[in-house]
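> Sharing a structure with you now.
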Amino acid sequence: MLATALFFFVPSATPAANSSPKPALEVLVLGSGGPRPFDRAGSSYIVMVDGIPRILVDAGPGAFVRIGEMQIDLEDVDVVLLTHLHIDHSADLAAFLNARALTADGPVTYRIFGPDGAGLFPKTSRFVDLLIGEGGAFAYQRTFGADETFSVHDLAINLDSARSTILDDHGLLVEEIATHHGDCPSVAYRISYKGLAVVFSGDMDASALPNLIQLAKGADLLVFNCAVLDPPGSPAQLYELHTPPKKIGQAAKDAGVKSLLLSHLAPDVEGQKEAVRRSIRVSYAGPVAFATDRLRVRVDDKRQPPKKIN
Ligand SMILES: [Zn+2]
């Protein structure tokens with residue numbers, strides 16, 4: 001079911017890595033929804049590098065099922081980037097680790113990145129410990145399947161923290177910057193390879209846009225979480241957590257990104273896609289698409305015409 005070269009679906013029965021020639025950088029959408037249960041899994045993506053699944057970005061509930069549906073080979077997925085630790089972005093982390101361990105041929109060394117802790121939210125290293133560390137809820141995981149080593153990194157969360165490079169692996173570069181998501185520590189990520197770049201906003205309110213714009217400058221694809229309508233279309237308190245479409249469009253323009261994928265869609269956004277698109281269009285003229293689960297997005301440096309995919 002081909003829609004465009006830029007945004008197209010992977011039928012659920014088709015192995016994920018079968019296109020030729022293999023794109024340098026590709027995003028598989030495991031989950032395009034948020035915390036409300038409807039027909040989208042929680043936020044989660046796999047980034048493929050040279051056709052090989054390498055990076056898990058967020059692990060929302062339902063990611064595990066989508067990995068199976070899309071027949072994604074986890075053998076080389078050893079990097080996990082968590083934008084924040086809300087349930088709709090992290091609840092399937094243990095299920096992912098379990099699946100990865102069961103499919104591994106040898107020892108696995110994970111590099112897991114996520115925000116530092118504050119208030120009710122543990123730092124990411126503590127979060128991982130609470131799941132699979134000694135005394136953790138799923139401590140048995142370490143005795144199950146492959147030998148696992150965990151290198152977990154807690155990232156700075158103050159908005160004035162400098163952008164940093166957290167991974168530089170044979171030309172695969174991952175950078176991050178702090179964002180702001182109400183009281184929940186949060187970060188955004190930029191993944192670059194062979195001159196291409198994709199940026200994941202995570203959930204963030206508009207106060208963090210200067211950081212996001214800095215991180216996303218010139219990126220080929222910006223995956224921006226679109227969980228609210230323009231005010232007053234959504235409950236007032238949600239604007240302390242999420243960026244409305246008009247500001248997303250302005251940020252995409254200011255960052256000069258080459259394409260925009262709206263994800264983390266809420267039911268009311270789902271029902272107002274044309275209004276959302278019009279709001280984005282006020283500022284941003286590049287290609288805009290709405291994510292769906294199992295969407296496969298080639299990160300391309302060629303500007304594609306806007307294409308509605310759903
Ligand atoms: Zn969320």
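Identifiers for the structure tokens are assigned positionally: chains receive A, B, ... in sequence, residues are indexed from 1 per chain, and ligands are indexed from 1 in the order shown.
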Show me which residues are within 9 Å of ligand 1 counting only C-alpha atoms and all ligand atoms, and format the list as an MDAnalysis selection string.
chainID A and resid 33:35 42:43 60 84:89 202:204 225 227 242 264
> Show me, as a list of chain:residue names, the residues that have an atom within 10 Å of range 97-109 of chain A when counting only C-alpha atoms, minus same-chain residues fewer than 4 positions from it.
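Returned residues: A:Phe64, A:Ile67, A:Gly68, A:Asp73, A:Leu74, A:Glu75, A:Asp76, A:Val77, A:Asp78, A:Val79, A:Asp92, A:Leu93, A:Ile132, A:Phe138, A:Gln141, A:Arg142, A:Thr143, A:Phe144, A:Gly145, A:Ala146, A:Asp147, A:Glu148, A:Thr149, A:Phe150, A:Ser151.
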> Would you mind reading off the distance between CA of Ser279 in chain A and CA of Tyr189 in chain A, one decimal, in Å?
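Between CA of Ser279 in chain A and CA of Tyr189 in chain A the gap works out to 24.5 Å.
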> How many Å separate CA of Leu173 in chain A from CA of Leu56 in chain A?
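According to the coordinates, CA of Leu173 in chain A and CA of Leu56 in chain A are separated by 14.3 Å.
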> Find the residues around range 246-252 of chain A up to 6 Å (only C-alpha atoms counted), leave out those fewer than 3 positions away in its own chain, and share them as a PyMOL selection string.
chain A and resi 255+257+279-280+283-284
> Which is closest to Ala208 in chain A among A:Pro231, A:Pro53, A:Pro185, A:Gly31, if we use only C-alpha atoms?
A:Pro185
> Tell me which protein, DNA and RNA residues are within 6 Å of Met48 in chain A, counting only C-alpha atoms, leaving out same-chain ones fewer than 3 positions away, and put them as a ChimeraX atom specification.
/A:25-26,51-54
> Choose the residue, out of A:Ala41, A:Ala162, A:Phe96, A:Pro23, that has the smallest atom-to-atom separation from Ala291 in chain A; count only C-alpha atoms.
A:Ala41
> In range 76-304 of chain A, what's helix (DSSP H, G or I) per DSSP? Answer as a PyMOL selection string?
chain A and resi 87-90+93-103+124-132+139-143+206-216+236-240+245-255+267-270+273-281
